[in-house]
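Engineer: So here's structure19.txt (compact mmCIF, C-alpha atoms and all ligand atoms).
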# COMPACT_ATOMS: atom_id res chain seq x y z
CA MET A 330 2.00 25.27 65.54
CA VAL A 331 -0.58 27.72 64.27
CA ASP A 332 -3.16 26.30 61.97
CA ILE A 333 -3.11 28.82 59.14
CA GLN A 334 -6.15 27.32 57.49
CA SER A 335 -8.45 27.69 60.48
CA ILE A 336 -7.21 31.20 61.32
CA LEU A 337 -7.94 32.33 57.76
CA ALA A 338 -11.35 30.67 57.76
CA ASP A 339 -12.22 32.50 61.01
CA ASN A 340 -10.93 35.82 59.71
CA LEU A 341 -12.89 35.39 56.48
CA ASN A 342 -16.08 34.54 58.38
CA ARG A 343 -15.73 37.56 60.61
CA VAL A 344 -15.11 39.89 57.66
CA ARG A 345 -18.07 38.46 55.76
CA GLU A 346 -20.31 38.89 58.80
CA ARG A 347 -19.24 42.50 59.16
CA ILE A 348 -19.87 43.10 55.44
CA ALA A 349 -23.33 41.54 55.76
CA ARG A 350 -24.16 43.63 58.83
CA ALA A 351 -22.95 46.85 57.20
CA THR A 352 -24.95 46.03 54.06
CA GLU A 353 -28.07 45.45 56.13
CA ASN A 354 -27.53 48.58 58.25
CA ALA A 355 -27.20 50.63 55.08
CA GLY A 356 -30.55 49.26 53.91
CA ARG A 357 -28.90 47.71 50.89
CA GLU A 358 -29.58 44.41 49.20
CA MET A 359 -27.77 41.39 50.70
CA GLY A 360 -24.96 40.22 48.49
CA SER A 361 -24.58 43.59 46.77
CA VAL A 362 -21.05 44.06 48.12
CA GLN A 363 -18.22 41.93 46.76
CA LEU A 364 -15.14 41.14 48.84
CA VAL A 365 -11.72 41.26 47.20
CA GLY A 366 -9.15 39.66 49.52
CA VAL A 367 -5.90 41.58 49.24
CA THR A 368 -2.95 39.15 49.35
CA LYS A 369 -0.03 41.57 49.05
CA TYR A 370 1.20 40.86 52.59
CA VAL A 371 1.35 37.08 52.24
CA ASP A 372 3.10 34.39 50.20
CA THR A 373 1.64 31.80 47.88
CA THR A 374 1.02 29.30 50.68
CA VAL A 375 -1.12 31.69 52.72
CA THR A 376 -2.86 32.92 49.58
CA SER A 377 -3.67 29.32 48.72
CA ALA A 378 -5.16 28.79 52.20
CA LEU A 379 -7.31 31.88 51.69
CA LEU A 380 -8.65 30.44 48.43
CA THR A 381 -9.36 27.15 50.17
CA ALA A 382 -11.27 29.07 52.85
CA GLY A 383 -13.52 30.34 50.05
CA CYS A 384 -12.14 33.72 49.04
CA ARG A 385 -11.71 33.42 45.28
CA GLU A 386 -11.61 37.12 44.36
CA VAL A 387 -8.11 38.22 45.27
CA GLY A 388 -6.10 41.36 44.67
CA GLU A 389 -2.49 42.45 44.47
CA SER A 390 -1.20 45.99 44.26
CA ARG A 391 2.05 45.25 42.40
CA PRO A 392 1.82 43.84 38.89
CA GLN A 393 4.92 41.62 39.24
CA GLN A 394 3.51 39.97 42.36
CA LEU A 395 0.21 39.45 40.63
CA TRP A 396 1.93 37.77 37.67
CA ALA A 397 3.90 35.47 39.98
CA LYS A 398 0.86 34.40 41.96
CA ALA A 399 -1.38 34.09 38.93
CA ALA A 400 1.16 31.66 37.42
CA ALA A 401 1.43 29.54 40.57
CA PRO A 402 -0.26 26.16 39.98
CA LYS A 403 -1.60 25.96 43.54
CA LEU A 404 -3.45 29.24 43.04
CA ALA A 405 -5.33 28.04 39.96
CA GLY A 406 -8.98 29.09 40.11
CA ALA A 407 -8.31 32.49 41.66
CA HIS A 408 -9.86 35.58 40.07
CA TRP A 409 -7.26 38.33 40.13
CA HIS A 410 -7.78 42.05 40.66
CA LEU A 411 -5.01 44.58 40.16
CA ILE A 412 -5.60 47.28 42.76
CA GLY A 413 -2.35 49.26 42.60
CA HIS A 414 -0.63 51.51 40.12
CA LEU A 415 -0.04 50.08 36.65
CA GLN A 416 2.68 51.38 34.34
CA ARG A 417 2.00 51.23 30.65
CA ASN A 418 4.99 48.98 30.00
CA LYS A 419 3.43 46.32 32.25
CA VAL A 420 -0.03 46.29 30.68
CA ALA A 421 0.55 43.53 28.13
CA ALA A 422 1.90 41.10 30.74
CA THR A 423 -0.88 41.91 33.21
CA LEU A 424 -3.94 41.60 30.98
CA PRO A 425 -3.92 37.82 30.53
CA HIS A 426 -4.10 37.32 34.31
CA VAL A 427 -6.67 39.83 35.54
CA ASP A 428 -10.43 39.93 35.83
CA LEU A 429 -10.53 43.57 36.81
CA ILE A 430 -8.02 46.43 36.90
CA HIS A 431 -9.14 48.88 39.60
CA SER A 432 -6.49 51.51 39.06
CA VAL A 433 -6.81 53.18 35.66
CA ASP A 434 -5.72 56.72 36.48
CA SER A 435 -5.08 58.30 33.07
CA LEU A 436 -6.27 58.34 29.49
CA ARG A 437 -2.81 57.21 28.40
CA LEU A 438 -3.10 54.08 30.51
CA LEU A 439 -6.62 53.42 29.27
CA LYS A 440 -5.37 53.66 25.67
CA ALA A 441 -2.49 51.28 26.38
CA ILE A 442 -4.89 48.77 27.94
CA ASP A 443 -7.25 48.99 25.00
CA THR A 444 -4.46 48.49 22.47
CA SER A 445 -3.10 45.44 24.32
CA ALA A 446 -6.56 43.99 24.80
CA GLN A 447 -7.19 44.26 21.06
CA GLN A 448 -3.86 42.59 20.30
CA GLN A 449 -4.64 39.80 22.75
CA GLY A 450 -8.16 39.37 21.45
CA LYS A 451 -9.70 39.94 24.83
CA GLN A 452 -12.05 42.36 26.52
CA ALA A 453 -10.41 44.24 29.40
CA ARG A 454 -12.54 45.16 32.44
CA VAL A 455 -11.43 48.24 34.33
CA LEU A 456 -12.38 50.85 36.90
CA LEU A 457 -11.30 54.48 36.73
CA GLU A 458 -9.42 55.58 39.82
CA VAL A 459 -10.40 59.01 41.10
CA ASN A 460 -8.48 60.99 43.70
CA CYS A 461 -11.29 62.09 45.99
CA SER A 462 -9.11 62.99 48.96
CA GLY A 463 -6.81 65.57 47.41
CA ASP A 464 -3.95 63.55 48.98
CA ILE A 465 -1.06 64.25 46.61
CA GLU A 466 0.59 60.92 47.45
CA LYS A 467 -2.39 59.09 46.01
CA HIS A 468 -2.86 58.16 42.40
CA GLY A 469 -6.09 58.81 40.62
CA MET A 470 -7.49 61.33 38.21
CA THR A 471 -9.24 64.52 39.18
CA GLU A 472 -12.99 64.84 38.89
CA ASN A 473 -12.51 67.13 35.91
CA SER A 474 -10.27 64.69 34.04
CA LEU A 475 -12.85 61.99 34.66
CA LYS A 476 -15.59 64.17 33.21
CA ALA A 477 -13.44 64.97 30.18
CA LEU A 478 -12.72 61.29 29.60
CA LEU A 479 -16.25 59.90 29.73
CA PRO A 480 -17.46 60.94 26.25
CA GLN A 481 -14.39 59.24 24.72
CA LEU A 482 -14.92 55.85 26.34
CA PRO A 483 -16.92 54.26 23.49
CA GLU A 484 -13.82 54.65 21.25
CA TYR A 485 -12.06 52.04 23.37
CA LYS A 486 -13.96 49.03 22.16
CA ALA A 487 -11.80 46.38 23.81
CA THR A 488 -12.19 47.95 27.23
CA GLU A 489 -15.24 47.85 29.44
CA VAL A 490 -15.23 50.60 32.07
CA CYS A 491 -17.34 49.11 34.86
CA GLY A 492 -17.15 51.85 37.48
CA LEU A 493 -14.96 53.95 39.73
CA MET A 494 -12.39 53.35 42.47
CA THR A 495 -10.97 55.54 45.19
CA MET A 496 -8.93 55.46 48.40
CA ALA A 497 -9.67 57.59 51.44
CA ALA A 498 -7.06 60.07 52.65
CA ARG A 499 -4.25 58.34 54.48
CA GLY A 500 -4.49 58.65 58.25
CA GLY A 501 -7.82 60.41 58.01
CA SER A 502 -10.67 60.00 60.48
CA GLU A 503 -13.84 58.05 59.79
CA GLN A 504 -15.54 61.35 58.97
CA VAL A 505 -12.92 62.11 56.35
CA ALA A 506 -13.23 58.63 54.83
CA THR A 507 -17.01 59.02 54.76
CA ARG A 508 -16.65 62.32 52.94
CA ASN A 509 -14.16 60.88 50.41
CA PHE A 510 -16.43 57.90 49.66
CA ALA A 511 -19.53 60.08 49.40
CA THR A 512 -17.61 62.23 46.92
CA LEU A 513 -17.04 59.22 44.66
CA ARG A 514 -20.67 58.09 44.80
CA THR A 515 -21.99 61.59 44.18
CA LEU A 516 -19.58 62.03 41.30
CA ARG A 517 -20.77 58.77 39.76
CA ASP A 518 -24.40 59.85 40.14
CA ASP A 519 -23.65 63.32 38.75
CA VAL A 520 -21.89 62.09 35.62
CA ALA A 521 -24.47 59.42 34.83
CA ALA A 522 -26.32 61.88 32.63
CA GLU A 523 -23.18 62.77 30.66
CA CYS A 524 -22.14 59.14 30.22
CA PRO A 525 -22.54 57.59 26.79
CA PRO A 526 -25.43 55.10 27.04
CA GLU A 527 -23.16 52.05 26.65
CA VAL A 528 -21.09 53.08 29.68
CA LYS A 529 -22.52 51.93 32.99
CA LEU A 530 -20.50 52.96 36.03
CA THR A 531 -22.09 50.30 38.20
CA GLU A 532 -19.17 49.40 40.42
CA LEU A 533 -17.76 51.52 43.23
CA SER A 534 -14.54 50.00 44.60
CA MET A 535 -13.88 51.70 47.92
CA GLY A 536 -13.12 50.69 51.49
CA MET A 537 -10.25 48.78 53.10
CA SER A 538 -9.76 47.03 56.47
CA HIS A 539 -10.21 50.15 58.60
CA ASP A 540 -12.94 51.91 56.64
CA PHE A 541 -14.97 49.34 54.69
CA GLU A 542 -18.09 49.74 56.81
CA VAL A 543 -18.43 53.45 56.09
CA ALA A 544 -17.64 52.67 52.42
CA ILE A 545 -20.55 50.22 52.32
CA HIS A 546 -22.75 52.84 53.92
CA GLU A 547 -21.73 55.24 51.13
CA GLY A 548 -22.49 52.71 48.38
CA ALA A 549 -19.38 50.57 47.82
CA THR A 550 -20.05 47.52 45.64
CA ILE A 551 -16.49 46.18 46.02
CA VAL A 552 -14.39 46.36 49.20
CA ARG A 553 -10.64 45.56 49.15
CA ILE A 554 -9.57 43.99 52.42
CA GLY A 555 -6.10 42.76 53.33
CA SER A 556 -4.94 43.21 56.93
CA LEU A 557 -8.12 41.93 58.59
CA LEU A 558 -8.05 38.73 56.55
CA VAL A 559 -4.47 37.79 57.34
CA GLU A 560 -4.46 38.88 60.99
CA GLY A 561 -2.67 36.25 63.06
CA VAL A 562 -0.68 34.76 60.17
CA VAL A 563 1.68 37.63 59.30
C1 LIG B 1 -3.22 47.31 50.47
C2 LIG B 1 -4.41 47.81 49.79
C3 LIG B 1 -5.69 47.49 50.27
C4 LIG B 1 -5.93 46.65 51.51
O1 LIG B 1 -5.57 47.38 52.64
P1 LIG B 1 -5.86 46.85 54.12
O2 LIG B 1 -5.88 48.08 54.94
O3 LIG B 1 -4.72 45.95 54.46
O4 LIG B 1 -7.15 46.15 54.12
C5 LIG B 1 -6.79 47.96 49.56
N1 LIG B 1 -6.64 48.73 48.45
C6 LIG B 1 -5.42 49.06 47.97
C7 LIG B 1 -5.34 49.90 46.74
C8 LIG B 1 -4.27 48.62 48.62
O5 LIG B 1 -3.07 48.98 48.14
Show me, as structure tokens, the structure contained in the file I just sent.
Structural biologist:
Amino acid sequence: MVDIQSILADNLNRVRERIARATENAGREMGSVQLVGVTKYVDTTVTSALLTAGCREVGESRPQQLWAKAAAPKLAGAHWHLIGHLQRNKVAATLPHVDLIHSVDSLRLLKAIDTSAQQQGKQARVLLEVNCSGDIEKHGMTENSLKALLPQLPEYKATEVCGLMTMAARGGSEQVATRNFATLRTLRDDVAAECPPEVKLTELSMGMSHDFEVAIHEGATIVRIGSLLVEGVV
């Protein structure tokens, strides 16, 4: 019988070591990159073992799966991240469960989140998803829509926009991923001057199992890793 707990602990250690090495190689401060363990491939039992191994920041890409796991008693203590597309009609049910929504890809969604957050008396924390790859299958706003949105952010008082998120082009090489991630960082740096003073785009959520090291090199502060963490148990 495979011991799920020890496999996950090993996987987590290896991923953390690689994150630490990439952080050091990039000349960045230790601990400046947060790991979000993506649990979309595994059930509640494996997710629970991942929490026990010490990965408390966890992400799901489908809202319904996030709700189900967030309500599971054995997953109490997890901090949930929604990393996939969110429809406006699912905002109200999602907000009570999440620490951070990575995937705000339109002004309409941002407005819906702000309205629900006000109704629920909470402060929503979100990232704006930007399509840096030009991949039409990917969600995310264009650079121009992001720029148009920034001056309006202070109107949404129940929503804290903490940074930006992107995904590299599907099936692209490491060079392409590097370029996509550099685009997001450069964009963030470029718009800093146009940002209202209360908006700090500190976080850059970019990098997955196959490209997180180049993402860290390009300035990622959050990496979203699934496959590498659950290798050997799915
Ligand atoms: C699935 C998913 C990930 C994790 O992908 P892996 O390649 O399995 O590490 C990260 N981000 C998003 C948005 C995802 O949907």
Engineer: Which residue is closest to ligand LIG 1 (chain B)? Choose from A:Met494, A:Ala399, A:Ile348, A:Val543 and count all atoms listed in the file.
Structural biologist: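 Looking only at the distances to ligand LIG 1 (chain B), the closest residue turns out to be A:Met494.
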Engineer: Can you work out the spacing between atom P1 of ligand LIG 1 (chain B) and atom CA of A:Ser556 in Å, to one decimal?
Structural biologist: 4.7 Å
Engineer: Hey, which residues sit close to ligand LIG 1 (chain B)? Say within 12 Å, counting only C-alpha atoms and all ligand atoms, and write them as a PyMOL selection string.
Structural biologist: chain A and resi 344+364-371+387-392+410-415+430-433+458-460+467-469+494-500+534-542+551-560+563
Engineer: Using all atoms listed in the file, which protein or nucleic acid residues come within 10 Å of A:Lys398? Drop anything in the same chain fewer than 2 positions from it, and give the result as a list in words.
Structural biologist: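 So, after excluding close chain neighbours, the residues are Thr368, Asp372, Thr373, Thr376, Ser377, Glu389, Pro392, Gln393, Gln394, Leu395, Trp396, Ala400, Ala401, Pro402, Lys403, Leu404, Ala405, Ala407, Trp409 and His426 of chain A.
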Engineer: Quick check, in Å to one decimal: how far apart do atom CA of A:Lys486 and atom CA of A:Glu527 lie?
Structural biologist: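 For atom CA of A:Lys486 relative to atom CA of A:Glu527, the distance reads 10.7 Å.
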Engineer: With distances taken over all atoms listed in the file, which of A:Gly561, A:Gly383, A:Pro483, A:Leu493 is nearest to A:Pro525?
Structural biologist: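 Checking each of A:Gly561, A:Gly383, A:Pro483, A:Leu493 against A:Pro525, counting all atoms listed in the file, the winner is A:Pro483.
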Engineer: Take atom CA of A:Ala382 and atom CA of A:Glu532 and report the distance between them in Å, one decimal.
Structural biologist: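 Rounded to one decimal, the two atoms are 25.1 Å apart.
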Engineer: Select, from A:Leu457, A:Ile336, A:Leu439, A:Ala506, the residue with the minimum atom-to-atom distance to A:Ala487, counting all atoms listed in the file.
Structural biologist: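 That would be A:Leu439, the residue with the smallest distance to A:Ala487.
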Engineer: Just the residues within 10 Å of A:Ala446, please, counting all atoms listed in the file, with nothing from its chain fewer than 5 positions along; format it as a CSV table (one decimal) with C-alpha atoms, in the frame of the given file.
Structural biologist:
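Just written: out-v3.csv:
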chain,number,residue,atom,x,y,z
A,420,VAL,CA,0.0,46.3,30.7
A,421,ALA,CA,0.6,43.5,28.1
A,424,LEU,CA,-3.9,41.6,31.0
A,425,PRO,CA,-3.9,37.8,30.5
A,440,LYS,CA,-5.4,53.7,25.7
A,441,ALA,CA,-2.5,51.3,26.4
A,451,LYS,CA,-9.7,39.9,24.8
A,452,GLN,CA,-12.0,42.4,26.5
A,453,ALA,CA,-10.4,44.2,29.4
A,454,ARG,CA,-12.5,45.2,32.4
A,485,TYR,CA,-12.1,52.0,23.4
A,486,LYS,CA,-14.0,49.0,22.2
A,487,ALA,CA,-11.8,46.4,23.8
A,488,THR,CA,-12.2,48.0,27.2
Engineer: Using all atoms listed in the file, find the one residue out of A:Gly463, A:Gly548, A:Gly360, A:Gly406 that sits nearest to A:Val505.
Structural biologist: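 Of the candidates, the smallest distance to A:Val505 is held by A:Gly463.
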Engineer: Find, counting all atoms listed in the file, the residue in A:Val362, A:Ala378, A:Cys384, A:Val562 that gets nearest to A:Gln334.
Structural biologist: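 For A:Gln334, the nearest of the given residues is A:Ala378.
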